[in-house]
$ cat input26.pdb   # PDB, C-alpha atoms
ATOM      1  CA  MET A 217    -130.444  19.559  67.617
ATOM      2  CA  GLU A 218    -132.423  17.181  69.775
ATOM      3  CA  ASN A 219    -136.151  17.245  69.280
ATOM      4  CA  HIS A 220    -138.204  16.100  72.282
ATOM      5  CA  ASN A 221    -141.639  16.487  70.651
ATOM      6  CA  ASN A 222    -143.910  15.035  67.985
ATOM      7  CA  VAL A 223    -143.146  17.603  65.266
ATOM      8  CA  THR A 224    -140.332  16.762  62.818
ATOM      9  CA  GLU A 225    -141.130  19.492  60.297
ATOM     10  CA  PHE A 226    -143.069  22.739  60.022
ATOM     11  CA  VAL A 227    -145.152  24.071  57.126
ATOM     12  CA  PHE A 228    -145.152  27.807  56.381
ATOM     13  CA  LYS A 229    -148.468  29.496  55.686
ATOM     14  CA  GLY A 230    -146.513  32.135  53.745
ATOM     15  CA  LEU A 231    -147.390  35.741  53.038
ATOM     16  CA  TRP A 232    -150.296  35.199  50.628
ATOM     17  CA  GLY A 233    -152.706  32.365  49.920
ATOM     18  CA  ASN A 234    -153.489  33.643  46.412
ATOM     19  CA  LYS A 235    -151.276  31.855  43.833
ATOM     20  CA  GLN A 236    -151.271  34.742  41.320
ATOM     21  CA  ILE A 237    -150.210  37.274  43.981
ATOM     22  CA  ALA A 238    -147.562  34.800  45.246
ATOM     23  CA  LEU A 239    -146.053  34.487  41.739
ATOM     24  CA  LEU A 240    -146.050  38.283  41.289
ATOM     25  CA  PHE A 241    -144.169  38.681  44.580
ATOM     26  CA  PHE A 242    -141.831  35.818  43.617
ATOM     27  CA  PHE A 243    -140.409  38.039  40.836
ATOM     28  CA  LEU A 244    -140.605  41.193  42.999
ATOM     29  CA  PHE A 245    -138.666  39.647  45.919
ATOM     30  CA  LEU A 246    -136.187  38.073  43.488
ATOM     31  CA  LEU A 247    -135.454  41.568  42.127
ATOM     32  CA  CYS A 248    -135.225  42.919  45.699
ATOM     33  CA  TYR A 249    -132.730  40.191  46.663
ATOM     34  CA  LEU A 250    -130.605  40.889  43.553
ATOM     35  CA  ALA A 251    -130.698  44.600  44.487
ATOM     36  CA  VAL A 252    -129.508  43.730  48.039
ATOM     37  CA  LEU A 253    -126.624  41.652  46.618
ATOM     38  CA  VAL A 254    -125.550  44.207  43.998
ATOM     39  CA  GLY A 255    -125.993  47.282  46.240
ATOM     40  CA  ASN A 256    -124.065  45.875  49.195
ATOM     41  CA  VAL A 257    -121.272  44.392  47.024
ATOM     42  CA  ILE A 258    -120.844  47.853  45.414
ATOM     43  CA  ILE A 259    -120.562  49.440  48.883
ATOM     44  CA  LEU A 260    -118.029  46.814  50.005
ATOM     45  CA  LEU A 261    -115.880  47.231  46.867
ATOM     46  CA  THR A 262    -116.062  51.045  46.998
ATOM     47  CA  ILE A 263    -114.989  51.259  50.644
ATOM     48  CA  THR A 264    -112.357  48.502  50.701
ATOM     49  CA  CYS A 265    -110.733  49.724  47.445
ATOM     50  CA  SER A 266    -110.565  53.380  48.522
ATOM     51  CA  HIS A 267    -109.201  55.555  51.354
ATOM     52  CA  LEU A 268    -112.680  55.473  53.000
ATOM     53  CA  ILE A 269    -111.822  52.177  54.769
ATOM     54  CA  GLU A 270    -109.527  54.212  57.064
ATOM     55  CA  GLN A 271    -112.496  56.203  58.393
ATOM     56  CA  PRO A 272    -114.442  54.582  61.282
ATOM     57  CA  MET A 273    -117.870  55.459  59.825
ATOM     58  CA  TYR A 274    -117.152  53.637  56.542
ATOM     59  CA  TYR A 275    -115.409  50.785  58.362
ATOM     60  CA  PHE A 276    -118.684  50.211  60.259
ATOM     61  CA  LEU A 277    -120.661  50.638  57.026
ATOM     62  CA  CYS A 278    -118.598  47.797  55.516
ATOM     63  CA  HIS A 279    -119.589  45.523  58.394
ATOM     64  CA  LEU A 280    -123.231  46.653  58.085
ATOM     65  CA  SER A 281    -123.207  45.677  54.385
ATOM     66  CA  VAL A 282    -121.792  42.226  55.242
ATOM     67  CA  MET A 283    -124.572  41.788  57.854
ATOM     68  CA  ASP A 284    -127.250  42.850  55.347
ATOM     69  CA  LEU A 285    -125.919  40.336  52.808
ATOM     70  CA  CYS A 286    -125.779  37.490  55.347
ATOM     71  CA  TYR A 287    -129.096  38.321  57.053
ATOM     72  CA  THR A 288    -131.126  38.524  53.829
ATOM     73  CA  SER A 289    -129.440  35.314  52.600
ATOM     74  CA  THR A 290    -130.775  33.406  55.639
ATOM     75  CA  VAL A 291    -134.361  34.538  54.972
ATOM     76  CA  VAL A 292    -135.061  35.741  51.417
ATOM     77  CA  PRO A 293    -133.892  32.771  49.233
ATOM     78  CA  ARG A 294    -136.237  30.418  51.141
ATOM     79  CA  LEU A 295    -139.052  33.000  50.938
ATOM     80  CA  ILE A 296    -138.542  33.249  47.143
ATOM     81  CA  ARG A 297    -138.469  29.449  46.784
ATOM     82  CA  ASP A 298    -141.617  29.026  48.906
ATOM     83  CA  LEU A 299    -143.557  31.609  46.863
ATOM     84  CA  ALA A 300    -143.234  29.293  43.844
ATOM     85  CA  ALA A 301    -143.554  26.000  45.776
ATOM     86  CA  ALA A 302    -146.778  24.052  46.270
ATOM     87  CA  ARG A 303    -145.774  22.975  49.796
ATOM     88  CA  LYS A 304    -143.725  25.300  51.977
ATOM     89  CA  HIS A 305    -142.103  22.965  54.496
ATOM     90  CA  ILE A 306    -138.954  23.121  56.663
ATOM     91  CA  SER A 307    -137.482  20.475  58.960
ATOM     92  CA  TYR A 308    -137.394  21.053  62.728
ATOM     93  CA  ASN A 309    -133.555  21.305  62.736
ATOM     94  CA  HIS A 310    -133.452  23.712  59.776
ATOM     95  CA  CYS A 311    -136.156  25.803  61.451
ATOM     96  CA  MET A 312    -134.101  26.101  64.665
ATOM     97  CA  THR A 313    -130.972  26.901  62.616
ATOM     98  CA  GLN A 314    -132.806  29.687  60.762
ATOM     99  CA  LEU A 315    -134.161  31.083  64.052
ATOM    100  CA  PHE A 316    -130.666  31.149  65.604
ATOM    101  CA  THR A 317    -128.884  32.553  62.521
ATOM    102  CA  ALA A 318    -131.453  35.279  61.791
ATOM    103  CA  HIS A 319    -131.434  36.529  65.405
ATOM    104  CA  LEU A 320    -127.623  36.354  65.608
ATOM    105  CA  LEU A 321    -127.138  38.434  62.445
ATOM    106  CA  ALA A 322    -129.950  40.884  63.318
ATOM    107  CA  GLY A 323    -128.453  41.302  66.817
ATOM    108  CA  VAL A 324    -125.007  42.048  65.347
ATOM    109  CA  GLU A 325    -126.573  44.523  62.877
ATOM    110  CA  ILE A 326    -128.379  46.368  65.668
ATOM    111  CA  PHE A 327    -125.130  46.872  67.616
ATOM    112  CA  ILE A 328    -123.248  47.937  64.464
ATOM    113  CA  LEU A 329    -125.924  50.644  64.048
ATOM    114  CA  VAL A 330    -125.250  51.654  67.683
ATOM    115  CA  SER A 331    -121.499  51.810  66.916
ATOM    116  CA  MET A 332    -122.221  54.036  63.898
ATOM    117  CA  ALA A 333    -124.329  56.355  66.072
ATOM    118  CA  LEU A 334    -121.474  56.500  68.628
ATOM    119  CA  ASP A 335    -119.065  57.378  65.806
ATOM    120  CA  ARG A 336    -121.281  60.275  64.636
ATOM    121  CA  TYR A 337    -121.749  61.475  68.247
ATOM    122  CA  VAL A 338    -117.978  61.569  68.908
ATOM    123  CA  ALA A 339    -117.273  63.208  65.510
ATOM    124  CA  ILE A 340    -119.717  66.067  66.215
ATOM    125  CA  VAL A 341    -119.611  66.465  70.016
ATOM    126  CA  LYS A 342    -115.869  65.750  70.580
ATOM    127  CA  PRO A 343    -114.213  66.472  67.203
ATOM    128  CA  LEU A 344    -110.740  67.211  68.660
ATOM    129  CA  HIS A 345    -110.581  63.800  70.368
ATOM    130  CA  TYR A 346    -112.249  61.911  67.506
ATOM    131  CA  MET A 347    -109.227  59.975  66.176
ATOM    132  CA  ALA A 348    -108.084  59.064  69.702
ATOM    133  CA  ILE A 349    -111.537  57.810  70.796
ATOM    134  CA  MET A 350    -112.509  56.086  67.529
ATOM    135  CA  SER A 351    -109.178  54.336  66.926
ATOM    136  CA  ARG A 352    -109.127  51.177  64.767
ATOM    137  CA  LYS A 353    -108.501  49.098  67.916
ATOM    138  CA  ARG A 354    -111.654  50.516  69.543
ATOM    139  CA  CYS A 355    -113.669  50.028  66.353
ATOM    140  CA  ASN A 356    -112.600  46.360  66.260
ATOM    141  CA  LEU A 357    -113.577  46.026  69.922
ATOM    142  CA  LEU A 358    -117.056  47.411  69.143
ATOM    143  CA  ILE A 359    -117.453  44.866  66.301
ATOM    144  CA  VAL A 360    -116.370  41.996  68.599
ATOM    145  CA  MET A 361    -118.848  43.245  71.245
ATOM    146  CA  ALA A 362    -121.621  43.355  68.609
ATOM    147  CA  TRP A 363    -120.940  39.693  67.741
ATOM    148  CA  GLY A 364    -120.770  38.751  71.435
ATOM    149  CA  VAL A 365    -124.099  40.426  72.301
ATOM    150  CA  GLY A 366    -125.780  39.056  69.156
ATOM    151  CA  PHE A 367    -124.553  35.537  69.989
ATOM    152  CA  TRP A 368    -125.828  35.565  73.592
ATOM    153  CA  HIS A 369    -129.183  37.022  72.520
ATOM    154  CA  SER A 370    -129.722  34.298  69.877
ATOM    155  CA  VAL A 371    -128.440  31.468  72.126
ATOM    156  CA  ALA A 372    -130.835  32.527  74.919
ATOM    157  CA  LEU A 373    -133.735  32.610  72.450
ATOM    158  CA  LEU A 374    -132.818  29.253  70.890
ATOM    159  CA  LEU A 375    -132.479  27.476  74.260
ATOM    160  CA  MET A 376    -135.876  28.859  75.267
ATOM    161  CA  VAL A 377    -137.531  27.511  72.079
ATOM    162  CA  LEU A 378    -135.758  24.110  72.188
ATOM    163  CA  ARG A 379    -137.355  23.398  75.576
ATOM    164  CA  LEU A 380    -140.898  24.047  74.301
ATOM    165  CA  PRO A 381    -143.184  21.097  73.414
ATOM    166  CA  PHE A 382    -144.643  21.033  69.877
ATOM    167  CA  CYS A 383    -147.101  18.153  69.829
ATOM    168  CA  GLY A 384    -149.637  18.681  67.091
ATOM    169  CA  PRO A 385    -150.264  21.569  64.681
ATOM    170  CA  ASN A 386    -147.175  22.405  62.638
ATOM    171  CA  LEU A 387    -148.524  25.199  60.372
ATOM    172  CA  ILE A 388    -146.482  28.381  60.996
ATOM    173  CA  ASN A 389    -148.401  31.568  60.205
ATOM    174  CA  HIS A 390    -145.287  33.213  58.727
ATOM    175  CA  TYR A 391    -142.656  32.831  55.990
ATOM    176  CA  ILE A 392    -139.701  32.363  58.387
ATOM    177  CA  CYS A 393    -139.038  30.446  61.599
ATOM    178  CA  ASP A 394    -139.355  33.179  64.178
ATOM    179  CA  VAL A 395    -140.014  32.890  67.874
ATOM    180  CA  LYS A 396    -143.493  34.474  68.016
ATOM    181  CA  PRO A 397    -145.207  32.365  65.295
ATOM    182  CA  LEU A 398    -143.573  29.264  66.839
ATOM    183  CA  LEU A 399    -145.043  30.137  70.254
ATOM    184  CA  GLN A 400    -148.551  29.847  68.766
ATOM    185  CA  LEU A 401    -147.883  26.125  68.079
ATOM    186  CA  VAL A 402    -146.711  25.248  71.603
ATOM    187  CA  CYS A 403    -148.997  22.858  73.526
ATOM    188  CA  GLN A 404    -148.569  24.415  76.970
ATOM    189  CA  ASP A 405    -149.243  27.783  78.595
ATOM    190  CA  ILE A 406    -146.926  30.335  76.922
ATOM    191  CA  HIS A 407    -147.656  33.318  79.188
ATOM    192  CA  VAL A 408    -144.252  33.232  80.960
ATOM    193  CA  VAL A 409    -142.336  32.443  77.743
ATOM    194  CA  SER A 410    -144.057  35.344  75.929
ATOM    195  CA  ILE A 411    -142.912  37.722  78.690
ATOM    196  CA  LEU A 412    -139.347  36.352  78.409
ATOM    197  CA  VAL A 413    -139.387  36.819  74.614
ATOM    198  CA  ILE A 414    -140.629  40.414  74.973
ATOM    199  CA  ALA A 415    -137.890  41.026  77.581
ATOM    200  CA  ASN A 416    -135.185  39.373  75.440
ATOM    201  CA  SER A 417    -136.121  41.001  72.110
ATOM    202  CA  GLY A 418    -138.788  43.687  72.466
ATOM    203  CA  MET A 419    -137.502  45.638  75.459
ATOM    204  CA  VAL A 420    -133.880  45.422  74.262
ATOM    205  CA  VAL A 421    -134.858  46.858  70.835
ATOM    206  CA  VAL A 422    -136.906  49.651  72.490
ATOM    207  CA  ALA A 423    -134.044  50.511  74.921
ATOM    208  CA  ILE A 424    -131.464  50.653  72.095
ATOM    209  CA  PHE A 425    -133.806  52.730  69.911
ATOM    210  CA  LEU A 426    -134.292  55.247  72.771
ATOM    211  CA  VAL A 427    -130.496  55.444  73.288
ATOM    212  CA  LEU A 428    -130.077  56.149  69.557
ATOM    213  CA  VAL A 429    -132.805  58.835  69.640
ATOM    214  CA  ALA A 430    -131.139  60.437  72.699
ATOM    215  CA  SER A 431    -127.741  60.450  70.931
ATOM    216  CA  TYR A 432    -129.225  62.262  67.932
ATOM    217  CA  ILE A 433    -130.973  64.811  70.163
ATOM    218  CA  LEU A 434    -127.551  65.543  71.745
ATOM    219  CA  ILE A 435    -125.979  65.788  68.282
ATOM    220  CA  LEU A 436    -128.645  68.302  67.147
ATOM    221  CA  TYR A 437    -128.143  70.279  70.381
ATOM    222  CA  ASN A 438    -124.372  70.469  69.782
ATOM    223  CA  LEU A 439    -124.790  71.519  66.139
ATOM    224  CA  ARG A 440    -126.245  74.879  67.230
ATOM    225  CA  THR A 441    -122.736  76.336  67.623
ATOM    226  CA  ARG A 442    -121.516  75.134  64.184
ATOM    227  CA  SER A 443    -121.417  77.159  60.972
ATOM    228  CA  ALA A 444    -124.165  76.632  58.385
ATOM    229  CA  ALA A 445    -121.781  74.601  56.157
ATOM    230  CA  GLY A 446    -120.654  72.478  59.125
ATOM    231  CA  ARG A 447    -124.268  71.846  60.129
ATOM    232  CA  ARG A 448    -125.190  70.784  56.586
ATOM    233  CA  LYS A 449    -122.293  68.319  56.325
ATOM    234  CA  ALA A 450    -122.996  66.799  59.749
ATOM    235  CA  LEU A 451    -126.739  66.539  59.098
ATOM    236  CA  SER A 452    -126.258  64.870  55.696
ATOM    237  CA  THR A 453    -124.279  61.963  57.219
ATOM    238  CA  CYS A 454    -126.500  61.760  60.308
ATOM    239  CA  SER A 455    -129.766  61.854  58.349
ATOM    240  CA  SER A 456    -128.707  58.757  56.345
ATOM    241  CA  HIS A 457    -128.074  56.858  59.554
ATOM    242  CA  VAL A 458    -131.360  58.053  61.113
ATOM    243  CA  MET A 459    -133.317  56.801  58.049
ATOM    244  CA  VAL A 460    -131.644  53.362  58.269
ATOM    245  CA  VAL A 461    -132.307  53.164  62.040
ATOM    246  CA  ILE A 462    -136.020  54.050  61.599
ATOM    247  CA  LEU A 463    -136.454  51.543  58.722
ATOM    248  CA  PHE A 464    -134.968  48.752  60.838
ATOM    249  CA  PHE A 465    -136.078  49.539  64.398
ATOM    250  CA  VAL A 466    -139.717  50.663  64.026
ATOM    251  CA  PRO A 467    -140.925  47.374  62.409
ATOM    252  CA  CYS A 468    -138.782  45.390  64.923
ATOM    253  CA  ILE A 469    -140.398  47.215  67.855
ATOM    254  CA  TYR A 470    -143.886  46.496  66.483
ATOM    255  CA  THR A 471    -143.046  42.805  65.970
ATOM    256  CA  TYR A 472    -141.303  42.007  69.263
ATOM    257  CA  VAL A 473    -143.009  44.277  71.812
ATOM    258  CA  LEU A 474    -146.535  42.975  71.213
ATOM    259  CA  PRO A 475    -147.342  39.539  72.722
ATOM    260  CA  ALA A 476    -147.758  36.508  70.419
ATOM    261  CA  GLY A 477    -151.177  36.500  68.779
ATOM    262  CA  SER A 478    -152.696  35.538  65.433
ATOM    263  CA  GLU A 479    -154.299  38.987  64.989
ATOM    264  CA  ASN A 480    -150.892  40.719  64.778
ATOM    265  CA  LYS A 481    -149.585  41.728  61.347
ATOM    266  CA  ASP A 482    -146.095  40.431  62.187
ATOM    267  CA  LYS A 483    -145.339  38.649  58.918
ATOM    268  CA  GLU A 484    -146.372  41.630  56.769
ATOM    269  CA  ILE A 485    -144.418  44.099  58.952
ATOM    270  CA  SER A 486    -141.321  41.848  59.058
ATOM    271  CA  VAL A 487    -140.906  42.296  55.270
ATOM    272  CA  PHE A 488    -139.597  45.793  56.111
ATOM    273  CA  TYR A 489    -136.567  44.578  58.089
ATOM    274  CA  THR A 490    -135.946  41.321  56.173
ATOM    275  CA  VAL A 491    -136.208  42.656  52.598
ATOM    276  CA  ILE A 492    -136.891  46.389  52.242
ATOM    277  CA  ALA A 493    -134.382  47.879  54.747
ATOM    278  CA  PRO A 494    -131.375  45.810  53.494
ATOM    279  CA  MET A 495    -132.319  46.789  49.917
ATOM    280  CA  LEU A 496    -132.625  50.531  50.700
ATOM    281  CA  ASN A 497    -129.516  50.804  52.947
ATOM    282  CA  PRO A 498    -127.024  50.958  50.030
ATOM    283  CA  LEU A 499    -129.182  53.568  48.246
ATOM    284  CA  ILE A 500    -129.519  55.700  51.397
ATOM    285  CA  TYR A 501    -125.765  55.615  52.110
ATOM    286  CA  THR A 502    -124.664  56.257  48.505
ATOM    287  CA  LEU A 503    -127.241  58.707  47.104
ATOM    288  CA  ARG A 504    -127.122  60.966  50.177
ATOM    289  CA  ASN A 505    -123.337  60.821  50.641
ATOM    290  CA  VAL A 506    -120.962  62.946  48.519
ATOM    291  CA  GLU A 507    -117.819  61.129  49.757
ATOM    292  CA  MET A 508    -119.257  57.741  48.746
ATOM    293  CA  LYS A 509    -120.245  59.004  45.278
ATOM    294  CA  VAL A 510    -116.762  60.469  44.671
ATOM    295  CA  ALA A 511    -115.075  57.249  45.919
ATOM    296  CA  MET A 512    -117.367  55.125  43.718
ATOM    297  CA  ARG A 513    -116.445  57.131  40.612
ATOM    298  CA  LYS A 514    -112.708  56.815  41.399
ATOM    299  CA  VAL A 515    -112.882  53.061  42.116
ATOM    300  CA  TRP A 516    -114.938  52.257  39.008
ATOM    301  CA  SER A 517    -112.781  54.424  36.728
ATOM    302  CA  ARG A 518    -109.658  52.727  38.141
ATOM    303  CA  MET A 519    -111.189  49.284  37.582
ATOM    304  CA  SER A 520    -112.325  50.119  34.034
ATOM    305  CA  HIS A 521    -108.849  51.482  33.147
ATOM    306  CA  SER A 522    -107.172  48.326  34.442
ATOM    307  CA  GLU A 523    -109.549  46.221  32.307
ATOM    308  CA  PHE A 524    -108.565  48.018  29.106
ATOM    309  CA  LYS A 525    -104.809  47.760  29.739
TER
END
$ encode --input "input26.pdb" --output "structure tokens"
Amino acid sequence: MENHNNVTEFVFKGLWGNKQIALLFFFLFLLCYLAVLVGNVIILLTITCSHLIEQPMYYFLCHLSVMDLCYTSTVVPRLIRDLAAARKHISYNHCMTQLFTAHLLAGVEIFILVSMALDRYVAIVKPLHYMAIMSRKRCNLLIVMAWGVGFWHSVALLLMVLRLPFCGPNLINHYICDVKPLLQLVCQDIHVVSILVIANSGMVVVAIFLVLVASYILILYNLRTRSAAGRRKALSTCSSHVMVVILFFVPCIYTYVLPAGSENKDKEISVFYTVIAPMLNPLIYTLRNVEMKVAMRKVWSRMSHSEFK
């Protein structure tokens, strides 16, 4: 990546200035990252080694777990390392790579969540046509579209940042290379760029969140005609998805809708979608899902039997 300015590296301010608190959170985030790895690997093994992989909802959940693993791996290992480091620095090229990768993977994750909402909508509103509408070919198309949209979103953001001049201060008031903290270091008027960033990230996240809310209002409306047992089953799968959507989207909306400014609590809020949401997703989808729990028991008993043979 060509760098047309005076800055060759950036220094992260990090989450906390206090060394004792930083070391405490070093161990806490290390445990969180291990929980993300273990939880999502368990989901992947359970689904791919059972009949659940044939169902569109679990097929999408597999892809969501892969995104959670990849997304946290672009952010959390460096955050953990920096919490124990005396100097939290990153080169210009690595900073731009992290910016691009994090936005690509987050963009893909957002559209996988949309695909999962579409799956639940079709299953409840058009149950007779479910298998025809949510065929494996269409599911694959939705995944390809998610990658396509995520790629164009992150490319547009990266090209915007690469053109900005950084000519002096290189202290990023964050723990990751994100577009808003970088804008505060630009040595030109950022009014137009801030509007473009809000349009590219903030408004898109708000629009998608409203579409998801509308889809769940329609689902609730259509559940009126179902039996009590049918309503319970539908609501148990939908409620898991709603919890994941809220955990991911609400902090994202706060972060990307507000204009760049040092008074914002962006870095504290971003912990929710970089660490906490990916850690809780496996728990939400397994503890609240009977099918997943049954499949997990079968897969693990099969694996333990094969070990003893």
$ resolve_selection --input "input26.pdb" --expression "the PyMOL selection byres ((chain A and resi 310-326) around 9)" --output "VMD selection string"
chain A and resid 217 225 to 226 279 to 280 283 to 284 286 to 288 290 to 291 306 to 309 327 to 331 359 361 to 371 373 to 374 377 to 378 392 to 395 421 424 461 464 to 465
$ residues_around --input "input26.pdb" --residues "Cys265 in chain A" --least-positions-apart "6" --cutoff "10 Å" --atoms "all atoms listed in the file" --output "PyMOL selection string"
chain A and resi 259+511-512+514-516+518-519
$ write_last_selection --input "input26.pdb" --atoms "C-alpha atoms" --output "mmCIF file, in the frame of the given file"
data_model
loop_
_atom_site.group_PDB
_atom_site.id
_atom_site.type_symbol
_atom_site.label_atom_id
_atom_site.label_comp_id
_atom_site.auth_asym_id
_atom_site.auth_seq_id
_atom_site.Cartn_x
_atom_site.Cartn_y
_atom_site.Cartn_z
ATOM 1 C CA ILE A 259 -120.562 49.440 48.883
ATOM 2 C CA ALA A 511 -115.075 57.249 45.919
ATOM 3 C CA MET A 512 -117.367 55.125 43.718
ATOM 4 C CA LYS A 514 -112.708 56.815 41.399
ATOM 5 C CA VAL A 515 -112.882 53.061 42.116
ATOM 6 C CA TRP A 516 -114.938 52.257 39.008
ATOM 7 C CA ARG A 518 -109.658 52.727 38.141
ATOM 8 C CA MET A 519 -111.189 49.284 37.582
#
$ residues_near_point --input "input26.pdb" --point "(-143.6, 17.5, 64.1)" --cutoff "12 Å" --atoms "all atoms listed in the file" --output "PyMOL selection string"
chain A and resi 219-227+305-309+311+381-388+401-402
$ closest_atom_pairs --input "input26.pdb" --of "range 274-371 of chain A" --to "range 432-448 of chain A" --cutoff "9 Å" --atoms "all atoms listed in the file" --output "Markdown table"
| residue | atom | partner | partner_atom | distance |
| --- | --- | --- | --- | --- |
| A:Ala333 | CA | A:Tyr432 | CA | 7.9 |
| A:Arg336 | CA | A:Ile435 | CA | 8.1 |
| A:Tyr337 | CA | A:Ile435 | CA | 6.0 |
| A:Ile340 | CA | A:Ile435 | CA | 6.6 |
| A:Val341 | CA | A:Asn438 | CA | 6.2 |
$ write_last_selection --input "input26.pdb" --atoms "C-alpha atoms" --output "tab-separated table (two decimals), keeping the file's coordinate frame"
chain	number	residue	atom	x	y	z
A	333	ALA	CA	-124.33	56.36	66.07
A	336	ARG	CA	-121.28	60.28	64.64
A	337	TYR	CA	-121.75	61.48	68.25
A	340	ILE	CA	-119.72	66.07	66.22
A	341	VAL	CA	-119.61	66.46	70.02
$ residues_around --input "input26.pdb" --residues "range 242-249 of chain A" --least-positions-apart "5" --cutoff "9 Å" --atoms "only C-alpha atoms" --output "MDAnalysis selection string"
chainID A and resid 237 254 288:289 292:293 295:300 491:492 494:495
$ residues_around --input "input26.pdb" --residues "range 409-418 of chain A" --least-positions-apart "4" --cutoff "9 Å" --atoms "all atoms listed in the file" --output "number ranges by chain"
A: 369, 372-373, 376-377, 395-396, 399, 405, 422-423, 468-476
$ write_last_selection --input "input26.pdb" --atoms "C-alpha atoms" --output "PDB file, keeping the file's coordinate frame"
ATOM      1  CA  HIS A 369    -129.183  37.022  72.520  1.00  0.00           C
ATOM      2  CA  ALA A 372    -130.835  32.527  74.919  1.00  0.00           C
ATOM      3  CA  LEU A 373    -133.735  32.610  72.450  1.00  0.00           C
ATOM      4  CA  MET A 376    -135.876  28.859  75.267  1.00  0.00           C
ATOM      5  CA  VAL A 377    -137.531  27.511  72.079  1.00  0.00           C
ATOM      6  CA  VAL A 395    -140.014  32.890  67.874  1.00  0.00           C
ATOM      7  CA  LYS A 396    -143.493  34.474  68.016  1.00  0.00           C
ATOM      8  CA  LEU A 399    -145.043  30.137  70.254  1.00  0.00           C
ATOM      9  CA  ASP A 405    -149.243  27.783  78.595  1.00  0.00           C
ATOM     10  CA  VAL A 422    -136.906  49.651  72.490  1.00  0.00           C
ATOM     11  CA  ALA A 423    -134.044  50.511  74.921  1.00  0.00           C
ATOM     12  CA  CYS A 468    -138.782  45.390  64.923  1.00  0.00           C
ATOM     13  CA  ILE A 469    -140.398  47.215  67.855  1.00  0.00           C
ATOM     14  CA  TYR A 470    -143.886  46.496  66.483  1.00  0.00           C
ATOM     15  CA  THR A 471    -143.046  42.805  65.970  1.00  0.00           C
ATOM     16  CA  TYR A 472    -141.303  42.007  69.263  1.00  0.00           C
ATOM     17  CA  VAL A 473    -143.009  44.277  71.812  1.00  0.00           C
ATOM     18  CA  LEU A 474    -146.535  42.975  71.213  1.00  0.00           C
ATOM     19  CA  PRO A 475    -147.342  39.539  72.722  1.00  0.00           C
ATOM     20  CA  ALA A 476    -147.758  36.508  70.419  1.00  0.00           C
TER      21      ALA A 476
END
$ atom_distance --input "input26.pdb" --atom1 "CA of Val360 in chain A" --atom2 "CA of Phe488 in chain A"
26.6 Å
$ closest_residue --input "input26.pdb" --among "A:Ile500, A:Leu375, A:Leu451, A:Val487" --to "Gly255 in chain A" --atoms "all atoms listed in the file"
A:Ile500
$ atom_distance --input "input26.pdb" --atom1 "CA of Val282 in chain A" --atom2 "CA of Leu358 in chain A"
15.6 Å
$ closest_residue --input "input26.pdb" --among "A:Met419, A:Leu496, A:Tyr501, A:Arg513" --to "Ser455 in chain A" --atoms "only C-alpha atoms"
A:Tyr501
$ atom_distance --input "input26.pdb" --atom1 "CA of Lys235 in chain A" --atom2 "CA of Asp482 in chain A"
20.9 Å
$ resolve_selection --input "input26.pdb" --expression "the PyMOL selection byres ((chain A and resi 232) around 10)" --output "list in words"
Lys229, Gly230, Leu231, Gly233, Asn234, Lys235, Gln236, Ile237, Ala238, Leu239, Phe241, Leu299, His390, Tyr391 and Glu484 of chain A
$ closest_residue --input "input26.pdb" --among "A:Met459, A:Ile485, A:Leu261, A:Val427" --to "Leu499 in chain A" --atoms "all atoms listed in the file"
A:Met459
$ closest_residue --input "input26.pdb" --among "A:Val257, A:Phe228, A:Val429, A:Gln400" --to "Arg294 in chain A" --atoms "only C-alpha atoms"
A:Phe228
$ closest_residue --input "input26.pdb" --among "A:Cys454, A:Ala493, A:Leu253, A:Val510" --to "Ala339 in chain A" --atoms "only C-alpha atoms"
A:Cys454
$ residues_around --input "input26.pdb" --residues "Cys278 in chain A" --least-positions-apart "5" --cutoff "9 Å" --atoms "all atoms listed in the file" --output "CSV table (one decimal) with C-alpha atoms, keeping the file's coordinate frame"
chain,number,residue,atom,x,y,z
A,256,ASN,CA,-124.1,45.9,49.2
A,259,ILE,CA,-120.6,49.4,48.9
A,260,LEU,CA,-118.0,46.8,50.0
A,263,ILE,CA,-115.0,51.3,50.6
A,264,THR,CA,-112.4,48.5,50.7
A,269,ILE,CA,-111.8,52.2,54.8
A,273,MET,CA,-117.9,55.5,59.8
A,283,MET,CA,-124.6,41.8,57.9
$ closest_residue --input "input26.pdb" --among "A:Leu240, A:Val460, A:Phe276, A:Pro397" --to "Arg354 in chain A" --atoms "all atoms listed in the file"
A:Phe276
